[in-house]
Amino acid sequence: MLDIKFIRENPDIVKKSIKDRNLKIDMDQLLKLDADKRKFLMESEELKAEKNKASKGGRPDSVVIEKMKSISQKISDLDNKVEEIDKNIQDFELNIPNIPHKSIPIGPSDANKVVRSYGKKRKFDFNPKNHIELGETLDILDFPRSSKISGSGFCLFKGLGALLERALINFMLDLHTKEHGYKEIFPPFLVNRASMTGTGQLPKLEEDMYRLKDDDLFLIPTAEVPVTNLHRDEVLEEEELPIYYTAYTACFRREAGSYGKDTKGLMRVHQFDKVELVKFVRPETSYEELEKLLSNAEEVLKRLNLSYRVVMLATGDISFAAAKCYDIEAWAPGIEKNLEVSSCSNFTDFQARRANIKYRPGDRKKLEYVHTLNGSGIAMARTIIAIMENYQEKDGSILIPDVLRPYMGGRERITKE
């Protein structure tokens, strides 16, 4: 959420941000509401001062009493107007996106910029299969039964496929906790409306979320939501910062806007596993921390020896709450596509304002908002696609990446059991 004072003093910056994101918000209406609120507040304060002055003038006569009643009524009317305006202003504020960082490209997704690439794409002496064919042949993926159980857009891992998924999760958690300095969290998979609003999923993205109507709880779309809200309405001490958390969770997304997009196999599913990285940092270090976060996520793919590229997202493609975002895209030769397996974002103080997360800078009395960051470190199921398709052999088996073999009982390859 943007500070209303910032919006008031920098309307052109906010309007440009909205335009660059290809959004439409009536900022002039918000500024008028803000001006009306300040006007009514001033009138209310003047009337309250007049009322206090009259009450100190000795025993009031009937004329003074009537005047004070009239003033009280006017104050009440003004306070009601201010309360109503406050609700309208909050509705506006909750729908205004973060200000994109000046370093990112302006434009739609076509303007996204490839920052760097890693590794060489594997060359095959046979026609590589896609992950659906491999999964069915090896009996490690079962889409018909997952559809029977839950419907389309879900996946079921079997045998060594399930073990591969678990191995990936454990490998990533070990890497981030033992080498990258993150503390592991295992949060609830259901969160309340305040948590979803704090990280920016609500109100904008409610249609893409799974909601339990009887309890007004939401299945989490990412561990970012519960982990960031660990410190909602808290004041952190400066010496506590930076705070690094990592968490494995299942993630649930309705993918309401995915009609017509590639939804075959594991490409776009309603439930998937992910290891998330979340940071709470001092404002002056947040962009340096973003680069470190990105490096931590990249390290997963490097150790898996997968070819990938890092893409800086343009203004029209970054998320509502992000000021700057990098996507990491792994190469999948069976379907011949670069697949997003991680997004690493700096939200500056945008989420912290919504969730009221502050810190005490040194000896200063004034509290400041922390900066929050998060990134996938990394996400399945597309990482599974990349592993299966890059590590497939001519005989239809799949080699297991070296770093995952200790987590799979020393097994070197996946074959049909």
# chains A, B, ... in the order shown; residues from 1 in each chain; ligands from 1
call {"tool": "select_by_dssp", "arguments": {"residues": "stretch 129-354 of chain A", "states": "helix (DSSP H, G or I)", "output": "number ranges by chain"}}
result
A: 131-138, 143-149, 160-178, 193-199, 206-208, 224-231, 238-240, 283-303, 350-354
call {"tool": "residues_around", "arguments": {"residues": "stretch 68-70 of chain A", "least_positions_apart": "5", "cutoff": "9 Å", "atoms": "only C-alpha atoms", "output": "VMD selection string"}}
result
chain A and resid 50 to 51 54 to 55 63 75
call {"tool": "select_by_dssp", "arguments": {"residues": "stretch 224-398 of chain A", "states": "strand (DSSP E or B)", "output": "number ranges by chain"}}
result
A: 234-237, 243-252, 271-281, 308-312, 324-332, 337-346, 357-360, 368-369, 371-379, 392, 398
call {"tool": "closest_residue", "arguments": {"among": "A:Phe186, A:Tyr391, A:Tyr210, A:Phe124", "to": "A:Leu306", "atoms": "only C-alpha atoms"}}
result
A:Tyr391
call {"tool": "residues_around", "arguments": {"residues": "stretch 100-116 of chain A", "least_positions_apart": "4", "cutoff": "6 Å", "atoms": "only C-alpha atoms", "output": "list in words"}}
result
Arg309, Val310, Val311, Met312, Leu313, Ala314, Thr315, Gly316, Asp317, Ala323 and Lys324 of chain A
call {"tool": "decode", "arguments": {"residues": "stretch 190-220 of chain A", "atoms": "N, CA and C atoms", "output": "PDB file, in the first residue's frame"}}
result
ATOM      1  N   LEU A 190      -3.907 -22.685   5.447  1.00  0.00           N
ATOM      2  CA  LEU A 190      -5.104 -21.852   5.400  1.00  0.00           C
ATOM      3  C   LEU A 190      -4.823 -20.556   6.154  1.00  0.00           C
ATOM      4  N   VAL A 191      -5.214 -19.424   5.560  1.00  0.00           N
ATOM      5  CA  VAL A 191      -4.973 -18.126   6.200  1.00  0.00           C
ATOM      6  C   VAL A 191      -6.254 -17.290   6.166  1.00  0.00           C
ATOM      7  N   ASN A 192      -6.296 -16.267   7.017  1.00  0.00           N
ATOM      8  CA  ASN A 192      -7.477 -15.423   7.066  1.00  0.00           C
ATOM      9  C   ASN A 192      -7.388 -14.272   6.062  1.00  0.00           C
ATOM     10  N   ARG A 193      -8.452 -13.512   5.972  1.00  0.00           N
ATOM     11  CA  ARG A 193      -8.547 -12.425   4.999  1.00  0.00           C
ATOM     12  C   ARG A 193      -7.492 -11.347   5.262  1.00  0.00           C
ATOM     13  N   ALA A 194      -7.207 -11.070   6.525  1.00  0.00           N
ATOM     14  CA  ALA A 194      -6.206 -10.045   6.854  1.00  0.00           C
ATOM     15  C   ALA A 194      -4.835 -10.430   6.317  1.00  0.00           C
ATOM     16  N   SER A 195      -4.498 -11.716   6.372  1.00  0.00           N
ATOM     17  CA  SER A 195      -3.206 -12.172   5.853  1.00  0.00           C
ATOM     18  C   SER A 195      -3.129 -12.015   4.342  1.00  0.00           C
ATOM     19  N   MET A 196      -4.202 -12.369   3.649  1.00  0.00           N
ATOM     20  CA  MET A 196      -4.222 -12.246   2.185  1.00  0.00           C
ATOM     21  C   MET A 196      -4.186 -10.785   1.752  1.00  0.00           C
ATOM     22  N   THR A 197      -4.816  -9.917   2.533  1.00  0.00           N
ATOM     23  CA  THR A 197      -4.797  -8.491   2.226  1.00  0.00           C
ATOM     24  C   THR A 197      -3.417  -7.911   2.503  1.00  0.00           C
ATOM     25  N   GLY A 198      -2.769  -8.391   3.557  1.00  0.00           N
ATOM     26  CA  GLY A 198      -1.459  -7.865   3.938  1.00  0.00           C
ATOM     27  C   GLY A 198      -0.404  -8.049   2.876  1.00  0.00           C
ATOM     28  N   THR A 199      -0.428  -9.170   2.156  1.00  0.00           N
ATOM     29  CA  THR A 199       0.583  -9.407   1.128  1.00  0.00           C
ATOM     30  C   THR A 199       0.132  -8.984  -0.267  1.00  0.00           C
ATOM     31  N   GLY A 200      -1.133  -8.528  -0.387  1.00  0.00           N
ATOM     32  CA  GLY A 200      -1.572  -7.925  -1.640  1.00  0.00           C
ATOM     33  C   GLY A 200      -2.392  -8.819  -2.553  1.00  0.00           C
ATOM     34  N   GLN A 201      -2.691 -10.058  -2.120  1.00  0.00           N
ATOM     35  CA  GLN A 201      -3.528 -10.920  -2.959  1.00  0.00           C
ATOM     36  C   GLN A 201      -4.977 -10.410  -2.985  1.00  0.00           C
ATOM     37  N   LEU A 202      -5.414  -9.857  -1.877  1.00  0.00           N
ATOM     38  CA  LEU A 202      -6.753  -9.287  -1.785  1.00  0.00           C
ATOM     39  C   LEU A 202      -6.650  -7.758  -1.692  1.00  0.00           C
ATOM     40  N   PRO A 203      -7.628  -7.067  -2.265  1.00  0.00           N
ATOM     41  CA  PRO A 203      -8.843  -7.577  -2.899  1.00  0.00           C
ATOM     42  C   PRO A 203      -8.684  -7.920  -4.386  1.00  0.00           C
ATOM     43  N   LYS A 204      -7.564  -7.551  -4.983  1.00  0.00           N
ATOM     44  CA  LYS A 204      -7.407  -7.606  -6.431  1.00  0.00           C
ATOM     45  C   LYS A 204      -7.547  -9.012  -7.013  1.00  0.00           C
ATOM     46  N   LEU A 205      -7.000 -10.034  -6.343  1.00  0.00           N
ATOM     47  CA  LEU A 205      -6.902 -11.367  -6.938  1.00  0.00           C
ATOM     48  C   LEU A 205      -7.830 -12.390  -6.296  1.00  0.00           C
ATOM     49  N   GLU A 206      -8.904 -11.937  -5.679  1.00  0.00           N
ATOM     50  CA  GLU A 206      -9.761 -12.872  -4.929  1.00  0.00           C
ATOM     51  C   GLU A 206     -10.334 -13.964  -5.821  1.00  0.00           C
ATOM     52  N   GLU A 207     -10.648 -13.649  -7.068  1.00  0.00           N
ATOM     53  CA  GLU A 207     -11.247 -14.658  -7.948  1.00  0.00           C
ATOM     54  C   GLU A 207     -10.289 -15.788  -8.286  1.00  0.00           C
ATOM     55  N   ASP A 208      -8.995 -15.575  -8.071  1.00  0.00           N
ATOM     56  CA  ASP A 208      -8.010 -16.606  -8.385  1.00  0.00           C
ATOM     57  C   ASP A 208      -7.656 -17.448  -7.158  1.00  0.00           C
ATOM     58  N   MET A 209      -8.339 -17.200  -6.037  1.00  0.00           N
ATOM     59  CA  MET A 209      -8.032 -17.903  -4.798  1.00  0.00           C
ATOM     60  C   MET A 209      -9.125 -18.915  -4.440  1.00  0.00           C
ATOM     61  N   TYR A 210      -8.738 -19.968  -3.740  1.00  0.00           N
ATOM     62  CA  TYR A 210      -9.698 -20.922  -3.197  1.00  0.00           C
ATOM     63  C   TYR A 210     -10.105 -20.445  -1.799  1.00  0.00           C
ATOM     64  N   ARG A 211     -11.408 -20.273  -1.588  1.00  0.00           N
ATOM     65  CA  ARG A 211     -11.906 -19.727  -0.328  1.00  0.00           C
ATOM     66  C   ARG A 211     -12.900 -20.676   0.315  1.00  0.00           C
ATOM     67  N   LEU A 212     -12.789 -20.817   1.643  1.00  0.00           N
ATOM     68  CA  LEU A 212     -13.759 -21.570   2.428  1.00  0.00           C
ATOM     69  C   LEU A 212     -14.809 -20.579   2.907  1.00  0.00           C
ATOM     70  N   LYS A 213     -15.970 -20.587   2.280  1.00  0.00           N
ATOM     71  CA  LYS A 213     -16.959 -19.536   2.536  1.00  0.00           C
ATOM     72  C   LYS A 213     -17.475 -19.548   3.971  1.00  0.00           C
ATOM     73  N   ASP A 214     -17.581 -20.708   4.606  1.00  0.00           N
ATOM     74  CA  ASP A 214     -18.136 -20.767   5.959  1.00  0.00           C
ATOM     75  C   ASP A 214     -17.207 -20.157   6.990  1.00  0.00           C
ATOM     76  N   ASP A 215     -15.901 -20.209   6.750  1.00  0.00           N
ATOM     77  CA  ASP A 215     -14.929 -19.689   7.713  1.00  0.00           C
ATOM     78  C   ASP A 215     -14.186 -18.453   7.216  1.00  0.00           C
ATOM     79  N   ASP A 216     -14.412 -18.061   5.954  1.00  0.00           N
ATOM     80  CA  ASP A 216     -13.695 -16.947   5.332  1.00  0.00           C
ATOM     81  C   ASP A 216     -12.182 -17.135   5.457  1.00  0.00           C
ATOM     82  N   LEU A 217     -11.743 -18.370   5.215  1.00  0.00           N
ATOM     83  CA  LEU A 217     -10.317 -18.688   5.152  1.00  0.00           C
ATOM     84  C   LEU A 217      -9.959 -19.021   3.712  1.00  0.00           C
ATOM     85  N   PHE A 218      -8.678 -18.838   3.375  1.00  0.00           N
ATOM     86  CA  PHE A 218      -8.208 -19.052   2.015  1.00  0.00           C
ATOM     87  C   PHE A 218      -7.091 -20.091   2.000  1.00  0.00           C
ATOM     88  N   LEU A 219      -7.134 -21.018   1.041  1.00  0.00           N
ATOM     89  CA  LEU A 219      -5.983 -21.885   0.800  1.00  0.00           C
ATOM     90  C   LEU A 219      -4.869 -21.024   0.225  1.00  0.00           C
ATOM     91  N   ILE A 220      -3.665 -21.176   0.726  1.00  0.00           N
ATOM     92  CA  ILE A 220      -2.588 -20.260   0.352  1.00  0.00           C
ATOM     93  C   ILE A 220      -2.156 -20.463  -1.101  1.00  0.00           C
TER      94      ILE A 220
END
